[in-house]
Amino acid sequence: MSEACKISVERRGEVALLHTDGYINNQGGEEIAREAYSQLDSGARAIVLNLEKTRIVNSIGISILIEVLEKVMDKKGVLAFCHLTPTIDKTFRIMGLAQYAQIFSTQEQALQAVAAKA
Amino acid sequence: MAQRNSVSPGLTAAGSREISLTIPVAPEMEIVATAQVAALGEYIGMGRDKIDEVKLALVEACINAFEHSGTRDERLHLTFRIGKDDDEGRQWLEVEVFDQGRGFDHSRIETPSIEKSFTGDRKKRGWGLQIIKSLMDGVSISSGDWGTRILMRKYK
């Protein structure tokens with residue numbers, strides 16, 4: 001039995017849309033970071049993380065997402081999240097991630113918002 | 001360093017029903033344990049979002065113990081209880097996480113902040129207890145050279 005997080009990526013111009021599926025812990029976080037950095041290196045200016053298929057993100061996973069955020073901010077890019085469960089949303093706010101990254105209810109809202117900034 | 005602390009005394013388990021589970025210190029065992037939270041939460045009719053909060057609190061307690069406790073038996077001893085307050089009759093779900101590690105003084109743990117996280121030192125996270133306290137309705141921590149016991153309660 002493994003709860004390993006699977007990541008899939010869609011590239012839409014300068015926006016990289018990452019879908020997660022499963023538990024985001026240190027391994028899941030590292031997978032996301034690897035993919036996000038690869039997208040930034042290939043010219044993406046905005047990263048949207050769709051967490052629709054993730055119900056648990058632990059604090060280690062969020063710490064890695066904060067590192068991703070830092071890298072995105074260094075490159076003057078944008079990081080946005082969508083489809084967070086209420087618990088994930090709450091945890092992002094507890095840890096302060098919501099102060100620096102944008103959170104949207106739907107993927108469309110997130111894509112529209114970041115496209116305007118990317 | 002032997003210390004006992006109680007953040008929220010008064011949590012009692014009188015009249016409760018409980019299930020015990022021992023998990024090895026190994027990757028993703030914390031997720032295995034969350035299945036008990038889901039089962040008992042659903043049993044008392046707790047909403048899905050509250051169950052998710054208890055699950056995450058349990059995950060945080062487990063990974064804290066995995067990383068920092070130095071538990072002697074390489075195991076975590078978990079107890080899950082459901083019960084009702086005597087006075088108001090409110091139902092609750094309680095999770096106890098016990099490790100036989102070296103203990104810690106939780107009053108000396110710095111309050112984390114995202115700005116400190118930006119320094120890039122992932123080891124200095126310290127978010128686990130903050131998250132647990134924010135998500136649960138009652139948290140009691142006792143710790144000493146015998147180990148650490150974290151008791152967390154969530155009302156339905």
# chains A, B, ... in the order shown; residues from 1 in each chain; ligands from 1
call {"tool": "interface_residues", "arguments": {"of": "chain B", "to": "chain A", "cutoff": "9 Å", "atoms": "only C-alpha atoms", "output": "ChimeraX atom specification"}}
result
/B:28,31,49-50,52-53,55-56,59-60,63,112-115,117-118,120,122,125-128,130-131,134-135
call {"tool": "write_last_selection", "arguments": {"atoms": "N, CA and C atoms", "output": "PDB file, in the first residue's frame"}}
result
ATOM      1  N   GLU B  28       4.985   6.597   5.946  1.00  0.00           N
ATOM      2  CA  GLU B  28       3.559   6.522   5.626  1.00  0.00           C
ATOM      3  C   GLU B  28       2.713   5.710   6.607  1.00  0.00           C
ATOM      4  N   ILE B  31      -0.328   7.463   7.810  1.00  0.00           N
ATOM      5  CA  ILE B  31      -1.528   7.438   6.964  1.00  0.00           C
ATOM      6  C   ILE B  31      -2.355   6.188   7.267  1.00  0.00           C
ATOM      7  N   ASP B  49     -15.086  17.191   7.129  1.00  0.00           N
ATOM      8  CA  ASP B  49     -14.036  18.201   7.307  1.00  0.00           C
ATOM      9  C   ASP B  49     -13.402  18.096   8.689  1.00  0.00           C
ATOM     10  N   LYS B  50     -14.230  17.826   9.689  1.00  0.00           N
ATOM     11  CA  LYS B  50     -13.672  17.664  11.039  1.00  0.00           C
ATOM     12  C   LYS B  50     -12.825  16.393  11.119  1.00  0.00           C
ATOM     13  N   ASP B  52     -11.124  15.180   8.708  1.00  0.00           N
ATOM     14  CA  ASP B  52      -9.855  15.539   8.050  1.00  0.00           C
ATOM     15  C   ASP B  52      -8.942  16.302   9.004  1.00  0.00           C
ATOM     16  N   GLU B  53      -9.539  17.146   9.845  1.00  0.00           N
ATOM     17  CA  GLU B  53      -8.715  17.911  10.791  1.00  0.00           C
ATOM     18  C   GLU B  53      -8.067  16.979  11.819  1.00  0.00           C
ATOM     19  N   LYS B  55      -7.452  13.821  11.330  1.00  0.00           N
ATOM     20  CA  LYS B  55      -6.448  13.036  10.593  1.00  0.00           C
ATOM     21  C   LYS B  55      -5.134  13.799  10.476  1.00  0.00           C
ATOM     22  N   LEU B  56      -5.229  15.087  10.118  1.00  0.00           N
ATOM     23  CA  LEU B  56      -3.995  15.856   9.952  1.00  0.00           C
ATOM     24  C   LEU B  56      -3.284  16.046  11.290  1.00  0.00           C
ATOM     25  N   VAL B  59      -1.492  12.881  11.917  1.00  0.00           N
ATOM     26  CA  VAL B  59      -0.316  12.806  11.031  1.00  0.00           C
ATOM     27  C   VAL B  59       0.820  13.653  11.606  1.00  0.00           C
ATOM     28  N   GLU B  60       0.494  14.866  12.041  1.00  0.00           N
ATOM     29  CA  GLU B  60       1.535  15.754  12.576  1.00  0.00           C
ATOM     30  C   GLU B  60       2.146  15.189  13.859  1.00  0.00           C
ATOM     31  N   ILE B  63       4.444  12.255  12.770  1.00  0.00           N
ATOM     32  CA  ILE B  63       5.713  12.588  12.107  1.00  0.00           C
ATOM     33  C   ILE B  63       6.653  13.333  13.063  1.00  0.00           C
ATOM     34  N   PRO B 112       6.602  29.138  15.149  1.00  0.00           N
ATOM     35  CA  PRO B 112       7.146  29.253  13.786  1.00  0.00           C
ATOM     36  C   PRO B 112       6.490  30.392  13.013  1.00  0.00           C
ATOM     37  N   SER B 113       7.106  30.799  11.938  1.00  0.00           N
ATOM     38  CA  SER B 113       6.490  31.785  11.043  1.00  0.00           C
ATOM     39  C   SER B 113       6.982  31.502   9.640  1.00  0.00           C
ATOM     40  N   ILE B 114       6.196  31.908   8.667  1.00  0.00           N
ATOM     41  CA  ILE B 114       6.590  31.653   7.277  1.00  0.00           C
ATOM     42  C   ILE B 114       7.860  32.438   6.949  1.00  0.00           C
ATOM     43  N   GLU B 115       8.035  33.582   7.570  1.00  0.00           N
ATOM     44  CA  GLU B 115       9.230  34.385   7.284  1.00  0.00           C
ATOM     45  C   GLU B 115      10.494  33.625   7.699  1.00  0.00           C
ATOM     46  N   SER B 117      10.625  30.404   7.761  1.00  0.00           N
ATOM     47  CA  SER B 117      10.727  29.310   6.789  1.00  0.00           C
ATOM     48  C   SER B 117      11.449  29.763   5.531  1.00  0.00           C
ATOM     49  N   PHE B 118      11.322  31.054   5.201  1.00  0.00           N
ATOM     50  CA  PHE B 118      11.976  31.574   4.007  1.00  0.00           C
ATOM     51  C   PHE B 118      13.500  31.532   4.110  1.00  0.00           C
ATOM     52  N   GLY B 120      15.058  29.030   4.611  1.00  0.00           N
ATOM     53  CA  GLY B 120      15.427  27.808   3.901  1.00  0.00           C
ATOM     54  C   GLY B 120      15.888  26.670   4.782  1.00  0.00           C
ATOM     55  N   ARG B 122      14.897  23.874   6.567  1.00  0.00           N
ATOM     56  CA  ARG B 122      13.704  23.035   6.688  1.00  0.00           C
ATOM     57  C   ARG B 122      13.644  22.332   8.047  1.00  0.00           C
ATOM     58  N   ARG B 125      11.482  23.761  11.220  1.00  0.00           N
ATOM     59  CA  ARG B 125      10.078  24.002  10.888  1.00  0.00           C
ATOM     60  C   ARG B 125       9.231  24.276  12.121  1.00  0.00           C
ATOM     61  N   GLY B 126       9.073  23.249  12.959  1.00  0.00           N
ATOM     62  CA  GLY B 126       8.329  23.429  14.209  1.00  0.00           C
ATOM     63  C   GLY B 126       6.841  23.690  14.047  1.00  0.00           C
ATOM     64  N   TRP B 127       6.279  23.320  12.894  1.00  0.00           N
ATOM     65  CA  TRP B 127       4.873  23.627  12.658  1.00  0.00           C
ATOM     66  C   TRP B 127       3.920  22.600  13.255  1.00  0.00           C
ATOM     67  N   GLY B 128       4.411  21.418  13.531  1.00  0.00           N
ATOM     68  CA  GLY B 128       3.524  20.318  13.920  1.00  0.00           C
ATOM     69  C   GLY B 128       2.605  20.650  15.081  1.00  0.00           C
ATOM     70  N   GLN B 130       1.891  23.541  16.385  1.00  0.00           N
ATOM     71  CA  GLN B 130       1.041  24.691  16.062  1.00  0.00           C
ATOM     72  C   GLN B 130      -0.203  24.234  15.292  1.00  0.00           C
ATOM     73  N   ILE B 131       0.009  23.356  14.343  1.00  0.00           N
ATOM     74  CA  ILE B 131      -1.113  22.849  13.539  1.00  0.00           C
ATOM     75  C   ILE B 131      -2.060  22.029  14.411  1.00  0.00           C
ATOM     76  N   SER B 134      -4.144  24.206  16.561  1.00  0.00           N
ATOM     77  CA  SER B 134      -5.117  24.989  15.800  1.00  0.00           C
ATOM     78  C   SER B 134      -6.288  24.149  15.307  1.00  0.00           C
ATOM     79  N   LEU B 135      -6.032  22.878  15.049  1.00  0.00           N
ATOM     80  CA  LEU B 135      -7.085  22.044  14.457  1.00  0.00           C
ATOM     81  C   LEU B 135      -7.946  21.322  15.492  1.00  0.00           C
TER      82      LEU B 135
END
call {"tool": "residues_around", "arguments": {"residues": "region 82-93 of chain B", "least_positions_apart": "5", "cutoff": "12 Å", "atoms": "only C-alpha atoms", "output": "short mmCIF file (atom, residue, chain, number, x, y, z; two decimals) with C-alpha atoms, in the first residue's frame"}}
result
data_model
loop_
_atom_site.label_atom_id
_atom_site.label_comp_id
_atom_site.auth_asym_id
_atom_site.auth_seq_id
_atom_site.Cartn_x
_atom_site.Cartn_y
_atom_site.Cartn_z
CA GLY B 10 -9.41 18.04 32.32
CA LEU B 11 -9.58 15.75 29.34
CA THR B 12 -10.88 12.52 30.75
CA ALA B 13 -11.77 9.28 29.13
CA ALA B 14 -14.46 8.15 31.54
CA GLY B 15 -17.15 6.10 29.86
CA SER B 16 -15.39 6.14 26.53
CA ARG B 17 -14.80 3.32 24.09
CA GLU B 18 -11.33 2.84 22.78
CA ILE B 19 -9.25 1.10 20.13
CA GLN B 36 -9.02 4.56 12.44
CA VAL B 37 -9.86 8.24 12.74
CA ALA B 38 -12.07 8.02 9.67
CA ALA B 39 -13.82 4.88 10.93
CA LEU B 40 -14.53 6.22 14.43
CA GLY B 41 -15.40 9.69 13.18
CA GLU B 42 -17.96 8.25 10.80
CA TYR B 43 -19.25 5.99 13.58
CA ILE B 44 -20.18 9.00 15.73
CA GLY B 45 -21.42 10.98 12.71
CA MET B 46 -18.62 13.53 12.67
CA GLY B 47 -18.49 15.61 9.48
CA LYS B 50 -13.67 17.66 11.04
CA ILE B 51 -12.48 14.11 10.42
CA GLU B 53 -8.71 17.91 10.79
CA VAL B 54 -8.27 15.05 13.26
CA LYS B 55 -6.45 13.04 10.59
CA LEU B 58 -2.66 12.70 14.03
CA MET B 136 -8.12 20.29 17.66
CA ASP B 137 -10.50 21.45 20.41
CA GLY B 138 -8.32 20.21 23.25
CA LEU B 151 -3.77 13.68 23.81
CA MET B 152 -5.96 15.42 21.26
CA ARG B 153 -9.71 15.83 21.36
CA LYS B 154 -12.18 16.98 18.73
CA TYR B 155 -15.89 17.51 19.32
CA LYS B 156 -18.37 16.24 16.77
#
call {"tool": "residues_around", "arguments": {"residues": "region 33-44 of chain A", "least_positions_apart": "3", "cutoff": "6 Å", "atoms": "only C-alpha atoms", "output": "list in words"}}
result
Glu14, Val15, Glu30 and Val68 of chain A
call {"tool": "write_last_selection", "arguments": {"atoms": "C-alpha atoms", "output": "mmCIF file, in the first residue's frame"}}
result
data_model
loop_
_atom_site.group_PDB
_atom_site.id
_atom_site.type_symbol
_atom_site.label_atom_id
_atom_site.label_comp_id
_atom_site.auth_asym_id
_atom_site.auth_seq_id
_atom_site.Cartn_x
_atom_site.Cartn_y
_atom_site.Cartn_z
ATOM 1 C CA GLU A 14 3.609 30.686 -19.545
ATOM 2 C CA VAL A 15 1.342 28.932 -17.059
ATOM 3 C CA GLU A 30 9.790 16.997 -3.507
ATOM 4 C CA VAL A 68 8.637 26.503 -4.208
#
call {"tool": "select_by_dssp", "arguments": {"residues": "region 26-69 of chain B", "states": "alpha helix (DSSP H)", "output": "NGL selection string"}}
result
:B and (29-43 or 48-68)
call {"tool": "write_last_selection", "arguments": {"atoms": "N, CA and C atoms", "output": "short mmCIF file (atom, residue, chain, number, x, y, z; two decimals), in the first residue's frame"}}
result
data_model
loop_
_atom_site.label_atom_id
_atom_site.label_comp_id
_atom_site.auth_asym_id
_atom_site.auth_seq_id
_atom_site.Cartn_x
_atom_site.Cartn_y
_atom_site.Cartn_z
N MET B 29 3.32 5.23 7.71
CA MET B 29 2.51 4.53 8.72
C MET B 29 1.49 5.47 9.35
N GLU B 30 1.81 6.78 9.33
CA GLU B 30 0.86 7.74 9.89
C GLU B 30 -0.44 7.75 9.10
N ILE B 31 -0.33 7.46 7.81
CA ILE B 31 -1.53 7.44 6.96
C ILE B 31 -2.36 6.19 7.27
N VAL B 32 -1.67 5.09 7.54
CA VAL B 32 -2.38 3.86 7.94
C VAL B 32 -3.22 4.15 9.19
N ALA B 33 -2.62 4.89 10.12
CA ALA B 33 -3.31 5.18 11.38
C ALA B 33 -4.55 6.06 11.17
N THR B 34 -4.52 6.90 10.15
CA THR B 34 -5.66 7.81 9.96
C THR B 34 -6.94 7.06 9.58
N ALA B 35 -6.79 5.82 9.13
CA ALA B 35 -7.99 5.04 8.79
C ALA B 35 -8.87 4.83 10.02
N GLN B 36 -8.24 4.72 11.20
CA GLN B 36 -9.02 4.56 12.44
C GLN B 36 -9.80 5.82 12.77
N VAL B 37 -9.18 6.96 12.50
CA VAL B 37 -9.86 8.24 12.74
C VAL B 37 -11.11 8.33 11.86
N ALA B 38 -10.93 7.95 10.60
CA ALA B 38 -12.07 8.02 9.67
C ALA B 38 -13.19 7.09 10.14
N ALA B 39 -12.80 5.87 10.54
CA ALA B 39 -13.82 4.88 10.93
C ALA B 39 -14.58 5.35 12.17
N LEU B 40 -13.86 5.80 13.19
CA LEU B 40 -14.53 6.22 14.43
C LEU B 40 -15.28 7.54 14.24
N GLY B 41 -14.71 8.44 13.46
CA GLY B 41 -15.40 9.69 13.18
C GLY B 41 -16.72 9.44 12.49
N GLU B 42 -16.70 8.58 11.50
CA GLU B 42 -17.96 8.25 10.80
C GLU B 42 -18.93 7.55 11.74
N TYR B 43 -18.40 6.73 12.63
CA TYR B 43 -19.25 5.99 13.58
C TYR B 43 -20.06 6.94 14.46
N ARG B 48 -17.09 15.27 7.54
CA ARG B 48 -15.85 14.91 6.84
C ARG B 48 -14.73 15.92 7.08
N ASP B 49 -15.09 17.19 7.13
CA ASP B 49 -14.04 18.20 7.31
C ASP B 49 -13.40 18.10 8.69
N LYS B 50 -14.23 17.83 9.69
CA LYS B 50 -13.67 17.66 11.04
C LYS B 50 -12.83 16.39 11.12
N ILE B 51 -13.28 15.34 10.45
CA ILE B 51 -12.48 14.11 10.42
C ILE B 51 -11.12 14.41 9.78
N ASP B 52 -11.12 15.18 8.71
CA ASP B 52 -9.86 15.54 8.05
C ASP B 52 -8.94 16.30 9.00
N GLU B 53 -9.54 17.15 9.85
CA GLU B 53 -8.71 17.91 10.79
C GLU B 53 -8.07 16.98 11.82
N VAL B 54 -8.84 16.01 12.29
CA VAL B 54 -8.27 15.05 13.26
C VAL B 54 -7.18 14.21 12.57
N LYS B 55 -7.45 13.82 11.33
CA LYS B 55 -6.45 13.04 10.59
C LYS B 55 -5.13 13.80 10.48
N LEU B 56 -5.23 15.09 10.12
CA LEU B 56 -3.99 15.86 9.95
C LEU B 56 -3.28 16.05 11.29
N ALA B 57 -4.05 16.28 12.36
CA ALA B 57 -3.43 16.41 13.68
C ALA B 57 -2.69 15.12 14.05
N LEU B 58 -3.31 13.99 13.75
CA LEU B 58 -2.66 12.70 14.03
C LEU B 58 -1.38 12.55 13.18
N VAL B 59 -1.49 12.88 11.92
CA VAL B 59 -0.32 12.81 11.03
C VAL B 59 0.82 13.65 11.61
N GLU B 60 0.49 14.87 12.04
CA GLU B 60 1.53 15.75 12.58
C GLU B 60 2.15 15.19 13.86
N ALA B 61 1.31 14.64 14.73
CA ALA B 61 1.82 14.05 15.97
C ALA B 61 2.74 12.87 15.66
N CYS B 62 2.33 12.06 14.69
CA CYS B 62 3.15 10.89 14.32
C CYS B 62 4.48 11.32 13.71
N ILE B 63 4.44 12.26 12.77
CA ILE B 63 5.71 12.59 12.11
C ILE B 63 6.65 13.33 13.06
N ASN B 64 6.09 14.10 14.00
CA ASN B 64 6.93 14.70 15.05
C ASN B 64 7.65 13.62 15.83
N ALA B 65 6.89 12.58 16.22
CA ALA B 65 7.49 11.50 17.01
C ALA B 65 8.49 10.71 16.16
N PHE B 66 8.14 10.45 14.90
CA PHE B 66 9.06 9.73 14.01
C PHE B 66 10.41 10.46 13.93
N GLU B 67 10.31 11.79 13.78
CA GLU B 67 11.53 12.57 13.51
C GLU B 67 12.33 12.91 14.76
N HIS B 68 11.63 13.17 15.86
CA HIS B 68 12.33 13.78 17.00
C HIS B 68 12.36 12.96 18.28
#
call {"tool": "closest_residue", "arguments": {"among": "A:Met73, A:Val78, A:Ala110, A:Val48", "to": "His19 (chain A)", "atoms": "only C-alpha atoms"}}
result
A:Val48
call {"tool": "closest_residue", "arguments": {"among": "A:Ser8, A:Asn26, A:Thr54, A:Gln112", "to": "Asp89 (chain A)", "atoms": "only C-alpha atoms"}}
result
A:Thr54
call {"tool": "select_by_dssp", "arguments": {"residues": "region 26-117 of chain B", "states": "strand (DSSP E)", "output": "ChimeraX atom specification"}}
result
/B:75-84,91-99
call {"tool": "atom_distance", "arguments": {"atom1": "CA of Asp99 (chain B)", "atom2": "CA of Ser69 (chain B)"}}
result
7.0 Å
call {"tool": "atom_distance", "arguments": {"atom1": "CA of Lys75 (chain A)", "atom2": "CA of Glu10 (chain A)"}}
result
20.1 Å
call {"tool": "residues_around", "arguments": {"residues": "Thr106 (chain A)", "least_positions_apart": "6", "cutoff": "10 Å", "atoms": "only C-alpha atoms", "output": "number ranges by chain"}}
result
A: 50, 52, 81-84
call {"tool": "residues_around", "arguments": {"residues": "Leu78 (chain B)", "least_positions_apart": "4", "cutoff": "6 Å", "atoms": "only C-alpha atoms", "output": "MDAnalysis selection string"}}
result
chainID B and resid 20:22 96:97
call {"tool": "decode", "arguments": {"residues": "region 4-113 of chain B", "atoms": "C-alpha atoms", "output": "short mmCIF file (atom, residue, chain, number, x, y, z; two decimals), in the first residue's frame"}}
result
data_model
loop_
_atom_site.label_atom_id
_atom_site.label_comp_id
_atom_site.auth_asym_id
_atom_site.auth_seq_id
_atom_site.Cartn_x
_atom_site.Cartn_y
_atom_site.Cartn_z
CA ARG B 4 5.62 17.10 32.67
CA ASN B 5 3.38 19.69 31.16
CA SER B 6 -0.29 19.90 30.66
CA VAL B 7 -1.70 22.36 28.17
CA SER B 8 -5.31 21.60 28.75
CA PRO B 9 -6.01 19.53 31.84
CA GLY B 10 -9.41 18.04 32.32
CA LEU B 11 -9.58 15.75 29.34
CA THR B 12 -10.88 12.52 30.75
CA ALA B 13 -11.77 9.28 29.13
CA ALA B 14 -14.46 8.15 31.54
CA GLY B 15 -17.15 6.10 29.86
CA SER B 16 -15.39 6.14 26.53
CA ARG B 17 -14.80 3.32 24.09
CA GLU B 18 -11.33 2.84 22.78
CA ILE B 19 -9.25 1.10 20.13
CA SER B 20 -5.50 0.63 20.42
CA LEU B 21 -3.04 0.45 17.58
CA THR B 22 0.74 0.18 17.48
CA ILE B 23 2.55 1.38 14.38
CA PRO B 24 6.22 1.02 13.47
CA VAL B 25 8.35 4.09 12.85
CA ALA B 26 8.28 3.81 9.07
CA PRO B 27 7.29 5.95 6.11
CA GLU B 28 3.56 6.52 5.63
CA MET B 29 2.51 4.53 8.72
CA GLU B 30 0.86 7.74 9.89
CA ILE B 31 -1.53 7.44 6.96
CA VAL B 32 -2.38 3.86 7.94
CA ALA B 33 -3.31 5.18 11.38
CA THR B 34 -5.66 7.81 9.96
CA ALA B 35 -7.99 5.04 8.79
CA GLN B 36 -9.02 4.56 12.44
CA VAL B 37 -9.86 8.24 12.74
CA ALA B 38 -12.07 8.02 9.67
CA ALA B 39 -13.82 4.88 10.93
CA LEU B 40 -14.53 6.22 14.43
CA GLY B 41 -15.40 9.69 13.18
CA GLU B 42 -17.96 8.25 10.80
CA TYR B 43 -19.25 5.99 13.58
CA ILE B 44 -20.18 9.00 15.73
CA GLY B 45 -21.42 10.98 12.71
CA MET B 46 -18.62 13.53 12.67
CA GLY B 47 -18.49 15.61 9.48
CA ARG B 48 -15.85 14.91 6.84
CA ASP B 49 -14.04 18.20 7.31
CA LYS B 50 -13.67 17.66 11.04
CA ILE B 51 -12.48 14.11 10.42
CA ASP B 52 -9.86 15.54 8.05
CA GLU B 53 -8.71 17.91 10.79
CA VAL B 54 -8.27 15.05 13.26
CA LYS B 55 -6.45 13.04 10.59
CA LEU B 56 -3.99 15.86 9.95
CA ALA B 57 -3.43 16.41 13.68
CA LEU B 58 -2.66 12.70 14.03
CA VAL B 59 -0.32 12.81 11.03
CA GLU B 60 1.53 15.75 12.58
CA ALA B 61 1.82 14.05 15.97
CA CYS B 62 3.15 10.89 14.32
CA ILE B 63 5.71 12.59 12.11
CA ASN B 64 6.93 14.70 15.05
CA ALA B 65 7.49 11.50 17.01
CA PHE B 66 9.06 9.73 14.01
CA GLU B 67 11.53 12.57 13.51
CA HIS B 68 12.33 13.78 17.00
CA SER B 69 11.39 11.32 19.74
CA GLY B 70 14.19 8.77 19.41
CA THR B 71 11.67 6.19 20.58
CA ARG B 72 13.34 3.17 22.16
CA ASP B 73 11.01 0.52 20.78
CA GLU B 74 10.79 2.03 17.26
CA ARG B 75 7.03 2.15 17.65
CA LEU B 76 4.23 4.58 18.36
CA HIS B 77 1.38 3.48 20.58
CA LEU B 78 -1.91 5.01 19.52
CA THR B 79 -5.24 4.96 21.30
CA PHE B 80 -8.45 6.17 19.70
CA ARG B 81 -11.42 6.94 21.94
CA ILE B 82 -14.95 8.08 21.40
CA GLY B 83 -17.06 9.38 24.23
CA LYS B 84 -19.48 11.99 25.47
CA ASP B 85 -19.13 14.88 27.91
CA ASP B 86 -21.01 14.21 31.14
CA ASP B 87 -22.50 17.69 31.37
CA GLU B 88 -23.51 18.73 27.86
CA GLY B 89 -23.51 15.29 26.28
CA ARG B 90 -21.34 16.45 23.39
CA GLN B 91 -19.69 13.58 21.56
CA TRP B 92 -15.99 13.62 20.90
CA LEU B 93 -13.21 11.72 19.24
CA GLU B 94 -9.90 11.57 21.03
CA VAL B 95 -6.52 10.38 19.81
CA GLU B 96 -3.57 9.63 22.07
CA VAL B 97 -0.07 9.30 20.64
CA PHE B 98 2.52 7.82 22.98
CA ASP B 99 6.20 7.28 22.26
CA GLN B 100 8.89 5.90 24.53
CA GLY B 101 11.42 8.46 23.41
CA ARG B 102 13.57 11.04 25.13
CA GLY B 103 10.80 13.57 25.66
CA PHE B 104 10.89 17.29 25.00
CA ASP B 105 10.01 20.59 26.60
CA HIS B 106 7.25 21.92 24.39
CA SER B 107 7.25 25.28 26.19
CA ARG B 108 10.66 25.94 24.66
CA ILE B 109 9.54 25.39 21.09
CA GLU B 110 9.62 28.65 19.17
CA THR B 111 6.47 29.82 17.48
CA PRO B 112 7.15 29.25 13.79
CA SER B 113 6.49 31.78 11.04
#
